[in-house]
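Let me begin by presenting the structure, written as structure tokens, before commenting on it.
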Amino acid sequence: MRPTTLSVGYIPLIDAALLIVAQEMGFAAEEGLALDLKPAPSWSSVRDMLAFGRVDAAHMLSPVTVATALGLGGSGVQFAALSVLSMNGNVIGVSNDLAARLRDVGHGFGFDDAEKAGRDLIEAAKGRLRIGVPFPFSMHAELLYYWLSALGLPAPQSVDIRTVPPPLMGAAIEAGEIDAFCVGEPWGSQAVEHGGRELLLPGCAIWSAAPEKVLAVRSDWAEQEQALMGRLIRAVWRVAHGVFRSDLYRQALETTSADLPGASSKQEGGLSVPTAVASKVGQLILEKNQFFDGRVFDPFVK
């Protein structure tokens, strides 16, 4: 039987690997699919490719799906996040000048204490902090907003968040256009290797289980092509409420050997250690999931 071709937009980053492996290792073919992988030059490009029907699915920044549901970003199309493709992987860096001021206020660059790093950063800043992120609706930006706001610096209103392509973060610091950045690896380490900046904190020190990229489709496509969508989820699976569609993910994997949790949602920030949970097979362990300030987010409690 001739496979069904699905076009998938992606940014050439390591967390697109699941899509690439699904196609190249034959897992898509096992589901009767051929993934036509289409690289995009920017996150706004891949968002618009999906919104305007140039691709059927996309590798996407997780907050883009929520921003679009809120009417932000301009496309006017609703997306459904089918599964998480990657978690964590971001890093916060600062210019050498800001690093020197941090040392002046007693910061030791331990790389593991989000509260101390944030308080010292706020104390060391001269005027309004200019921070580079790859895209305004991104986990990079969300981590910064949560972190700084929790420590008394309201964000984004009290900081200057600037969109900078990841490969150019180091150059933007060197040119004096930004004071700090939050970016995915390897761009943070690369910026340090070229001089002029230092790493301050990994993103996982702020939130230990931050969903970074997702597999997204248009919501109308998800409703109209449920069988095809299930095949896509299963192909990728082999190596907020109403937007992150855990119900669709569960439905697609019901006939597989995947060990699924008993619940389709959970509190965020409530697990301090790896924890066994009720599941289909009874062997599922949820990893540590904590915010640096100990808060717990329950989507069903106002």
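Going by the structure tokens order, chains are called A, B, ..., each with residues numbered from 1, while ligands are numbered from 1 in the order shown.
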Would you kindly return, as a list of chain:residue names, each protein, DNA or RNA residue with an atom no farther than 8 Å from any atom of Gly170 in chain A, considering only C-alpha atoms and excluding same-chain residues fewer than 6 positions away? A:Gly188, A:Gln190, A:Ala191, A:Val192, A:His194, A:Gly196, A:Arg197
Would you save the residues from that selection as a PDB file, in the first residue's frame, using all heavy atoms?
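Below you can see out_32.pdb, which holds the result:
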ATOM      1  N   GLY A 188      24.501  28.616  23.950  1.00  0.00           N
ATOM      2  CA  GLY A 188      25.042  29.265  25.130  1.00  0.00           C
ATOM      3  C   GLY A 188      26.502  28.944  25.326  1.00  0.00           C
ATOM      4  O   GLY A 188      27.337  29.834  25.551  1.00  0.00           O
ATOM      5  N   GLN A 190      28.544  27.890  23.048  1.00  0.00           N
ATOM      6  CA  GLN A 190      29.303  28.459  21.928  1.00  0.00           C
ATOM      7  C   GLN A 190      29.612  29.930  22.179  1.00  0.00           C
ATOM      8  O   GLN A 190      30.716  30.413  21.886  1.00  0.00           O
ATOM      9  CB  GLN A 190      28.514  28.300  20.631  1.00  0.00           C
ATOM     10  CG  GLN A 190      29.279  28.754  19.393  1.00  0.00           C
ATOM     11  CD  GLN A 190      28.452  28.650  18.139  1.00  0.00           C
ATOM     12  OE1 GLN A 190      27.582  29.470  17.890  1.00  0.00           O
ATOM     13  NE2 GLN A 190      28.725  27.629  17.349  1.00  0.00           N
ATOM     14  N   ALA A 191      28.625  30.654  22.746  1.00  0.00           N
ATOM     15  CA  ALA A 191      28.851  32.073  23.051  1.00  0.00           C
ATOM     16  C   ALA A 191      29.981  32.241  24.047  1.00  0.00           C
ATOM     17  O   ALA A 191      30.818  33.143  23.925  1.00  0.00           O
ATOM     18  CB  ALA A 191      27.566  32.694  23.598  1.00  0.00           C
ATOM     19  N   VAL A 192      30.051  31.358  25.038  1.00  0.00           N
ATOM     20  CA  VAL A 192      31.120  31.425  26.040  1.00  0.00           C
ATOM     21  C   VAL A 192      32.472  31.116  25.411  1.00  0.00           C
ATOM     22  O   VAL A 192      33.481  31.778  25.686  1.00  0.00           O
ATOM     23  CB  VAL A 192      30.826  30.441  27.193  1.00  0.00           C
ATOM     24  CG1 VAL A 192      32.030  30.334  28.130  1.00  0.00           C
ATOM     25  CG2 VAL A 192      29.604  30.911  27.970  1.00  0.00           C
ATOM     26  N   HIS A 194      33.518  31.695  22.542  1.00  0.00           N
ATOM     27  CA  HIS A 194      34.022  32.795  21.718  1.00  0.00           C
ATOM     28  C   HIS A 194      34.333  34.036  22.545  1.00  0.00           C
ATOM     29  O   HIS A 194      34.664  35.083  22.005  1.00  0.00           O
ATOM     30  CB  HIS A 194      33.010  33.131  20.624  1.00  0.00           C
ATOM     31  CG  HIS A 194      32.986  32.121  19.520  1.00  0.00           C
ATOM     32  ND1 HIS A 194      32.343  30.911  19.627  1.00  0.00           N
ATOM     33  CD2 HIS A 194      33.554  32.139  18.289  1.00  0.00           C
ATOM     34  CE1 HIS A 194      32.497  30.223  18.511  1.00  0.00           C
ATOM     35  NE2 HIS A 194      33.234  30.932  17.685  1.00  0.00           N
ATOM     36  N   GLY A 196      33.715  36.962  25.904  1.00  0.00           N
ATOM     37  CA  GLY A 196      32.815  38.093  26.063  1.00  0.00           C
ATOM     38  C   GLY A 196      31.565  37.828  26.877  1.00  0.00           C
ATOM     39  O   GLY A 196      30.733  38.702  27.030  1.00  0.00           O
ATOM     40  N   ARG A 197      31.399  36.570  27.404  1.00  0.00           N
ATOM     41  CA  ARG A 197      30.218  36.271  28.175  1.00  0.00           C
ATOM     42  C   ARG A 197      30.429  35.036  29.049  1.00  0.00           C
ATOM     43  O   ARG A 197      31.357  34.254  28.811  1.00  0.00           O
ATOM     44  CB  ARG A 197      29.000  36.072  27.283  1.00  0.00           C
ATOM     45  CG  ARG A 197      29.036  34.932  26.302  1.00  0.00           C
ATOM     46  CD  ARG A 197      29.992  35.082  25.158  1.00  0.00           C
ATOM     47  NE  ARG A 197      29.668  36.196  24.278  1.00  0.00           N
ATOM     48  CZ  ARG A 197      30.404  36.521  23.238  1.00  0.00           C
ATOM     49  NH1 ARG A 197      31.511  35.864  22.990  1.00  0.00           N
ATOM     50  NH2 ARG A 197      30.063  37.501  22.457  1.00  0.00           N
TER      51      ARG A 197
END
Can you tell me, as an MDAnalysis selection string, which residues in range 43-206 of chain A count as strand (DSSP E or B) by DSSP? chainID A and resid 57:61 79:87 90:95 130:133 160:163 180:184 197:202
Within 10 Å of Ala210 in chain A using only C-alpha atoms, minus same-chain residues under 5 positions, as a count of residues only: 17
Provide the CA of Pro3 in chain A to CA of Leu35 in chain A distance in Å, to one decimal place.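 CA of Leu35 in chain A lies 9.5 Å from CA of Pro3 in chain A.
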List every residue of range 135-270 of chain A that DSSP, applied to the backbone of this structure, assigns to alpha helix (DSSP H), and report them as a VMD selection string. chain A and resid 139 to 150 169 to 174 187 to 193 219 to 224 226 to 237 246 to 253
Among the residues A:Val77, A:Leu199, A:Val105, A:Ala29, the one that comes closest to Ala235 in chain A [using only C-alpha atoms]: A:Ala29
Just how far from CA of Leu13 in chain A is CA of Trp43 in chain A, in Å to one decimal? 11.5 Å
Which polymer residues have any atom within 10 Å of an atom of Ala276 in chain A, counting only C-alpha atoms, with same-chain residues fewer than 4 positions away left out, as a CSV table (one decimal) with N, CA and C atoms, in the first residue's frame?
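Final file, out03.csv:
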chain,number,residue,atom,x,y,z
A,261,PRO,N,0.0,6.9,32.1
A,261,PRO,CA,-0.4,7.2,33.4
A,261,PRO,C,-1.9,7.2,33.6
A,282,GLY,N,1.6,-0.4,35.3
A,282,GLY,CA,2.0,-0.3,36.7
A,282,GLY,C,3.5,-0.2,36.9
A,283,GLN,N,4.2,0.4,35.9
A,283,GLN,CA,5.7,0.5,36.0
A,283,GLN,C,6.1,1.9,35.6
A,284,LEU,N,5.2,2.9,35.8
A,284,LEU,CA,5.5,4.3,35.3
A,284,LEU,C,6.1,5.1,36.5
A,285,ILE,N,7.2,5.8,36.2
A,285,ILE,CA,7.9,6.7,37.2
A,285,ILE,C,7.9,8.1,36.6
A,286,LEU,N,7.3,9.0,37.3
A,286,LEU,CA,7.4,10.4,36.9
A,286,LEU,C,8.6,11.1,37.5
A,287,GLU,N,9.4,11.8,36.7
A,287,GLU,CA,10.6,12.4,37.1
A,287,GLU,C,10.3,13.6,38.0
Taking only C-alpha atoms into account, which of A:Arg47, A:Lys280, A:Arg238, A:Lys116 comes nearest Glu254 in chain A? A:Lys280
Surrounding residues of Ala172 in chain A excluding itself and chain neighbours under 5 positions, 12 Å, only C-alpha atoms, as a ChimeraX atom specification: /A:94-95,130-133,162-167,177-181,191,196-197
Write a file of the selected residues as a short mmCIF file (atom, residue, chain, number, x, y, z; two decimals), in the first residue's frame, keeping N, CA and C atoms.
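Below you can see again.cif, which holds the result:
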data_model
loop_
_atom_site.label_atom_id
_atom_site.label_comp_id
_atom_site.auth_asym_id
_atom_site.auth_seq_id
_atom_site.Cartn_x
_atom_site.Cartn_y
_atom_site.Cartn_z
N VAL A 94 25.44 35.76 30.69
CA VAL A 94 25.56 37.21 30.89
C VAL A 94 26.86 37.71 30.25
N SER A 95 26.90 39.00 29.98
CA SER A 95 28.11 39.60 29.43
C SER A 95 29.22 39.60 30.48
N ARG A 130 18.58 44.15 29.53
CA ARG A 130 18.24 43.78 28.15
C ARG A 130 18.62 42.31 27.96
N ILE A 131 17.61 41.48 27.72
CA ILE A 131 17.84 40.04 27.66
C ILE A 131 17.38 39.49 26.31
N GLY A 132 18.24 38.74 25.65
CA GLY A 132 17.92 38.16 24.36
C GLY A 132 17.29 36.78 24.51
N VAL A 133 16.25 36.53 23.71
CA VAL A 133 15.62 35.20 23.63
C VAL A 133 15.39 34.90 22.15
N ARG A 162 14.47 41.02 24.07
CA ARG A 162 14.74 41.23 22.66
C ARG A 162 14.88 39.90 21.92
N THR A 163 14.30 39.82 20.74
CA THR A 163 14.41 38.60 19.93
C THR A 163 15.73 38.60 19.17
N VAL A 164 16.52 37.56 19.41
CA VAL A 164 17.84 37.42 18.77
C VAL A 164 17.97 35.98 18.27
N PRO A 165 18.33 35.76 17.00
CA PRO A 165 18.56 34.38 16.53
C PRO A 165 19.62 33.71 17.38
N PRO A 166 19.41 32.45 17.79
CA PRO A 166 20.35 31.77 18.69
C PRO A 166 21.81 31.83 18.27
N PRO A 167 22.15 31.63 16.98
CA PRO A 167 23.58 31.69 16.63
C PRO A 167 24.20 33.07 16.81
N GLU A 177 24.40 45.02 22.53
CA GLU A 177 22.96 45.14 22.27
C GLU A 177 22.11 44.51 23.36
N ILE A 178 22.66 43.51 24.07
CA ILE A 178 21.97 42.86 25.18
C ILE A 178 22.96 42.66 26.32
N ASP A 179 22.42 42.50 27.53
CA ASP A 179 23.26 42.27 28.71
C ASP A 179 23.31 40.79 29.07
N ALA A 180 22.28 40.04 28.66
CA ALA A 180 22.16 38.63 29.04
C ALA A 180 21.32 37.93 27.99
N PHE A 181 21.26 36.58 28.09
CA PHE A 181 20.45 35.82 27.14
C PHE A 181 19.94 34.55 27.80
N ALA A 191 28.62 30.65 22.75
CA ALA A 191 28.85 32.07 23.05
C ALA A 191 29.98 32.24 24.05
N GLY A 196 33.71 36.96 25.90
CA GLY A 196 32.81 38.09 26.06
C GLY A 196 31.57 37.83 26.88
N ARG A 197 31.40 36.57 27.40
CA ARG A 197 30.22 36.27 28.18
C ARG A 197 30.43 35.04 29.05
#
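Closest approach to Gly230 in chain A among A:Asp120, A:Asp36, A:Glu31, A:Asp15 is made by A:Glu31 (distances from only C-alpha atoms).
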Which polymer residues have any atom within 8 Å of an atom of Ala114 in chain A, counting only C-alpha atoms, with same-chain residues fewer than 4 positions away left out, as an MDAnalysis selection string? chainID A and resid 118 147 201 205:206 292
Go ahead and save the picked residues with N, CA and C atoms, as a JSON list (two decimals), in the first residue's frame.
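This went into again_31.json:
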[["chain", "number", "residue", "atom", "x", "y", "z"],
["A", 118, "GLY", "N", 19.27, 34.90, 40.73],
["A", 118, "GLY", "CA", 18.31, 35.93, 40.34],
["A", 118, "GLY", "C", 18.42, 37.18, 41.20],
["A", 147, "TRP", "N", 10.92, 33.49, 36.71],
["A", 147, "TRP", "CA", 12.08, 33.60, 37.60],
["A", 147, "TRP", "C", 12.21, 35.01, 38.17],
["A", 201, "LEU", "N", 23.23, 30.23, 34.73],
["A", 201, "LEU", "CA", 22.27, 29.29, 35.30],
["A", 201, "LEU", "C", 21.66, 28.43, 34.19],
["A", 205, "ALA", "N", 17.22, 24.80, 36.52],
["A", 205, "ALA", "CA", 17.30, 25.25, 37.91],
["A", 205, "ALA", "C", 16.09, 26.11, 38.27],
["A", 206, "ILE", "N", 15.43, 26.66, 37.27],
["A", 206, "ILE", "CA", 14.21, 27.46, 37.48],
["A", 206, "ILE", "C", 12.99, 26.55, 37.51],
["A", 292, "PHE", "N", 11.85, 26.57, 41.13],
["A", 292, "PHE", "CA", 12.92, 26.91, 42.07],
["A", 292, "PHE", "C", 12.40, 27.49, 43.37]]
